[in-house]
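See structure below.
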Amino acid sequence: MFMNKKFIVSNWKTAVVSVAQAEGILDSANDFLDSLGERKELSLVFCPPFIFLEEVEKILGTGHLEHMAELGAQDIALSDAPAQAGEISGEMLGRLGVRYVIVGHSERRWKLGESDELVNKKLRAVLIHEMVPIVCIGEREQTDDWKKFLEDQVLATFAGLTADEIKKCIIAYEPVWAISSTPGAKPDTPESAVGSIQVIEHVLSVQYSVPSIQFLYGGSVDPANISSFLKPTEVNGVLVGRASAEKGEFVRVLAAAAKAHMS
Ligand code: PGA
């Protein structure tokens, strides 16, 4: 991770369906970075579908992306065991140059039934390969017990990990109700997101003696709201889904982020 920079993590999910689409986004991002001149305060991470990792890694070695962007994956197998049909192991990801791995994304937790225990195992699989887990945490609904939900999810997700291991993670606070794929989704407010981040920080500090950890906000981030989410010091960056998968929209995201960070 590039320290002291706010960063933009793109989660392409299944919205980027071809190498040509991936190239289009990356070329547009590179052109935009070129227009920034010397003021390159942004750090980018791209998490393509597995089948494009190799191609994207090659492109990230070119132009401005070489110094400003890194490769991430959207998931990982539980272990490196050789008989896990259909899975992609940490060893494979490491060999492809992956630095970050998203674990516990709500679409996997809630649509595919991944439990906290499973997320915990995947998180460990990322750490074993010395990659950085981007651990998604977030309540499902805006109900009165949201705080307890967050606390329980944090405890279960990080169960048994040492403070040193947890410090190596980045937490993406992503309230499920704010993610664009959720019917009726609306973005959180920066104030409320910071409040939730503080709840998570408190649990990690009291239960695991973790003094500080990096946080992203995710959930319907777009060109209009990104600057407000990047402003609080508690937020080190954003995890962007829908708006990262279309080149024009993504360049608008980058432009708004760059403007916010420079002002
Ligand atoms: P969204 O997705 O930006 O489309 O809401 C964010 C995410 O799911 O990580």
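Residue names in the structure tokens use chain letters A, B, ... in the order shown, residue numbers from 1 in each chain, and ligand numbers from 1 in the order shown.
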Can you pull out every residue within 8 Å of region 156-171 of chain A, counting only C-alpha atoms, but drop anything in the same chain fewer than 3 positions away, and send it as a PDB file with N, CA and C atoms, in the first residue's frame?
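The new file part12.pdb reads:
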ATOM      1  N   ASP A 116     -19.013 -16.375   8.818  1.00  0.00           N
ATOM      2  CA  ASP A 116     -17.885 -15.660   9.433  1.00  0.00           C
ATOM      3  C   ASP A 116     -16.676 -16.585   9.559  1.00  0.00           C
ATOM      4  N   GLU A 117     -16.958 -17.848   9.887  1.00  0.00           N
ATOM      5  CA  GLU A 117     -15.880 -18.822  10.084  1.00  0.00           C
ATOM      6  C   GLU A 117     -15.105 -19.034   8.780  1.00  0.00           C
ATOM      7  N   VAL A 119     -14.975 -16.895   6.265  1.00  0.00           N
ATOM      8  CA  VAL A 119     -14.266 -15.646   5.962  1.00  0.00           C
ATOM      9  C   VAL A 119     -12.964 -15.589   6.771  1.00  0.00           C
ATOM     10  N   ASN A 120     -13.046 -16.018   8.022  1.00  0.00           N
ATOM     11  CA  ASN A 120     -11.870 -16.051   8.892  1.00  0.00           C
ATOM     12  C   ASN A 120     -10.779 -16.949   8.285  1.00  0.00           C
ATOM     13  N   LEU A 127      -3.176 -14.029   4.459  1.00  0.00           N
ATOM     14  CA  LEU A 127      -2.007 -13.648   5.268  1.00  0.00           C
ATOM     15  C   LEU A 127      -0.851 -14.632   5.084  1.00  0.00           C
ATOM     16  N   VAL A 132      -2.372  -8.752   1.262  1.00  0.00           N
ATOM     17  CA  VAL A 132      -3.132  -7.920   2.203  1.00  0.00           C
ATOM     18  C   VAL A 132      -4.633  -8.219   2.080  1.00  0.00           C
ATOM     19  N   PRO A 133      -5.250  -8.693   3.169  1.00  0.00           N
ATOM     20  CA  PRO A 133      -6.700  -8.920   3.091  1.00  0.00           C
ATOM     21  C   PRO A 133      -7.454  -7.590   3.174  1.00  0.00           C
ATOM     22  N   ILE A 134      -8.390  -7.400   2.270  1.00  0.00           N
ATOM     23  CA  ILE A 134      -9.345  -6.282   2.382  1.00  0.00           C
ATOM     24  C   ILE A 134     -10.620  -6.928   2.920  1.00  0.00           C
ATOM     25  N   VAL A 135     -10.855  -6.741   4.210  1.00  0.00           N
ATOM     26  CA  VAL A 135     -11.913  -7.485   4.894  1.00  0.00           C
ATOM     27  C   VAL A 135     -13.189  -6.640   4.940  1.00  0.00           C
ATOM     28  N   CYS A 136     -14.228  -7.135   4.290  1.00  0.00           N
ATOM     29  CA  CYS A 136     -15.487  -6.375   4.261  1.00  0.00           C
ATOM     30  C   CYS A 136     -16.307  -6.668   5.513  1.00  0.00           C
ATOM     31  N   ILE A 137     -16.734  -5.585   6.142  1.00  0.00           N
ATOM     32  CA  ILE A 137     -17.541  -5.656   7.360  1.00  0.00           C
ATOM     33  C   ILE A 137     -18.717  -4.703   7.152  1.00  0.00           C
ATOM     34  N   ASP A 152     -20.452  -8.118  16.635  1.00  0.00           N
ATOM     35  CA  ASP A 152     -20.423  -9.587  16.532  1.00  0.00           C
ATOM     36  C   ASP A 152     -19.697 -10.027  15.256  1.00  0.00           C
ATOM     37  N   GLN A 153     -19.959  -9.307  14.166  1.00  0.00           N
ATOM     38  CA  GLN A 153     -19.324  -9.701  12.911  1.00  0.00           C
ATOM     39  C   GLN A 153     -17.800  -9.509  12.978  1.00  0.00           C
ATOM     40  N   TYR A 208      -8.800  -7.022  20.839  1.00  0.00           N
ATOM     41  CA  TYR A 208      -7.603  -7.570  20.193  1.00  0.00           C
ATOM     42  C   TYR A 208      -6.367  -6.684  20.362  1.00  0.00           C
ATOM     43  N   SER A 209      -6.498  -5.596  21.126  1.00  0.00           N
ATOM     44  CA  SER A 209      -5.369  -4.668  21.344  1.00  0.00           C
ATOM     45  C   SER A 209      -4.759  -4.168  20.040  1.00  0.00           C
ATOM     46  N   VAL A 210      -5.604  -3.913  19.064  1.00  0.00           N
ATOM     47  CA  VAL A 210      -5.121  -3.354  17.795  1.00  0.00           C
ATOM     48  C   VAL A 210      -5.257  -1.841  17.885  1.00  0.00           C
ATOM     49  N   SER A 212      -4.417   0.682  15.690  1.00  0.00           N
ATOM     50  CA  SER A 212      -4.987   1.376  14.533  1.00  0.00           C
ATOM     51  C   SER A 212      -4.918   0.471  13.312  1.00  0.00           C
ATOM     52  N   ILE A 213      -5.806   0.746  12.388  1.00  0.00           N
ATOM     53  CA  ILE A 213      -5.907  -0.092  11.194  1.00  0.00           C
ATOM     54  C   ILE A 213      -6.476   0.791  10.086  1.00  0.00           C
ATOM     55  N   GLN A 214      -6.223   0.445   8.866  1.00  0.00           N
ATOM     56  CA  GLN A 214      -6.716   1.277   7.760  1.00  0.00           C
ATOM     57  C   GLN A 214      -8.145   0.888   7.374  1.00  0.00           C
ATOM     58  N   PHE A 215      -8.916   1.906   7.033  1.00  0.00           N
ATOM     59  CA  PHE A 215     -10.316   1.684   6.668  1.00  0.00           C
ATOM     60  C   PHE A 215     -10.638   2.247   5.294  1.00  0.00           C
ATOM     61  N   LEU A 216     -11.484   1.504   4.579  1.00  0.00           N
ATOM     62  CA  LEU A 216     -12.104   2.015   3.364  1.00  0.00           C
ATOM     63  C   LEU A 216     -13.599   2.144   3.637  1.00  0.00           C
TER      64      LEU A 216
END
Neighbouring residues of region 188-201 of chain A were defined as those with any atom within 10 Å, considering only C-alpha atoms; residues of the same chain fewer than 4 positions away were excluded. Please report them as a PyMOL selection string.
chain A and resi 137-139+146-148+150-155+171-175+177-179+205-207+209-221+225-235
Which of region 174-237 of chain A DSSP labels helix (DSSP H, G or I), written as an MDAnalysis selection string
chainID A and resid 176:178 190:208 226:230
Using only C-alpha atoms, pick whichever of A:Ala73, A:Ile8, A:Ala245, A:Ala125 has the shortest atom-to-atom distance to Gly24 (chain A).
A:Ala245
Which distance in Å separates CA of His64 (chain A) and CA of Val9 (chain A), to one decimal?
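It comes out at 16.3 Å.
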Neighbours of Asp34 (chain A) within 10 Å (only C-alpha atoms; same-chain residues fewer than 6 positions away dropped), as a ChimeraX atom specification?
/A:28,40,63-65
For C-alpha atoms, I'd like the residues from the last selection saved as a compact mmCIF listing (two decimals), in the first residue's frame.
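The result, written out as result_22.txt:
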# COMPACT_ATOMS: atom_id res chain seq x y z
CA SER A 28 -8.61 5.68 -19.59
CA LYS A 40 -0.31 12.02 -8.14
CA GLY A 63 2.65 3.88 -18.04
CA HIS A 64 1.61 5.70 -14.87
CA LEU A 65 -0.13 2.60 -13.60
If you measure from CA of Thr62 (chain A) to CA of Leu239 (chain A), what distance in Å do you get, rounded to one decimal?
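Atom-to-atom, CA of Thr62 (chain A) and CA of Leu239 (chain A) are spaced 23.0 Å apart.
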So that I can check the surroundings of region 77-94 of chain A, please list as a list in words every protein, DNA and RNA residue that reaches within 10 Å of it, counting only C-alpha atoms and ignoring chain neighbours fewer than 4 positions away.
Phe50, Leu53, Glu54, Leu71, Gly72, Ala73, Val98, Arg99, Tyr100, Val101, Leu118, Val119, Asn120, Lys121, Lys122, Leu123, Arg124, Ala125, Val126, Leu127, Ile128, His129, Glu130 and Met131 of chain A
Separation of CA of Leu36 (chain A) from atom 6 (C, counted along the ligand's line) of ligand 1 in Å
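Result for atom 6 (C, counted along the ligand's line) of ligand 1 versus CA of Leu36 (chain A): 25.6 Å, one decimal.
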Please run DSSP on the backbone and report, as a JSON list (two decimals) with N, CA, C and O atoms, in the first residue's frame, all residues within region 108-141 of chain A that come out as strand (DSSP E).
[["chain", "number", "residue", "atom", "x", "y", "z"],
["A", 132, "VAL", "N", -2.37, -8.75, 1.26],
["A", 132, "VAL", "CA", -3.13, -7.92, 2.20],
["A", 132, "VAL", "C", -4.63, -8.22, 2.08],
["A", 132, "VAL", "O", -5.21, -8.01, 1.01],
["A", 133, "PRO", "N", -5.25, -8.69, 3.17],
["A", 133, "PRO", "CA", -6.70, -8.92, 3.09],
["A", 133, "PRO", "C", -7.45, -7.59, 3.17],
["A", 133, "PRO", "O", -7.16, -6.76, 4.03],
["A", 134, "ILE", "N", -8.39, -7.40, 2.27],
["A", 134, "ILE", "CA", -9.34, -6.28, 2.38],
["A", 134, "ILE", "C", -10.62, -6.93, 2.92],
["A", 134, "ILE", "O", -11.32, -7.64, 2.20],
["A", 135, "VAL", "N", -10.85, -6.74, 4.21],
["A", 135, "VAL", "CA", -11.91, -7.49, 4.89],
["A", 135, "VAL", "C", -13.19, -6.64, 4.94],
["A", 135, "VAL", "O", -13.21, -5.56, 5.54],
["A", 136, "CYS", "N", -14.23, -7.14, 4.29],
["A", 136, "CYS", "CA", -15.49, -6.37, 4.26],
["A", 136, "CYS", "C", -16.31, -6.67, 5.51],
["A", 136, "CYS", "O", -16.51, -7.83, 5.89],
["A", 137, "ILE", "N", -16.73, -5.59, 6.14],
["A", 137, "ILE", "CA", -17.54, -5.66, 7.36],
["A", 137, "ILE", "C", -18.72, -4.70, 7.15],
["A", 137, "ILE", "O", -18.53, -3.58, 6.68]]
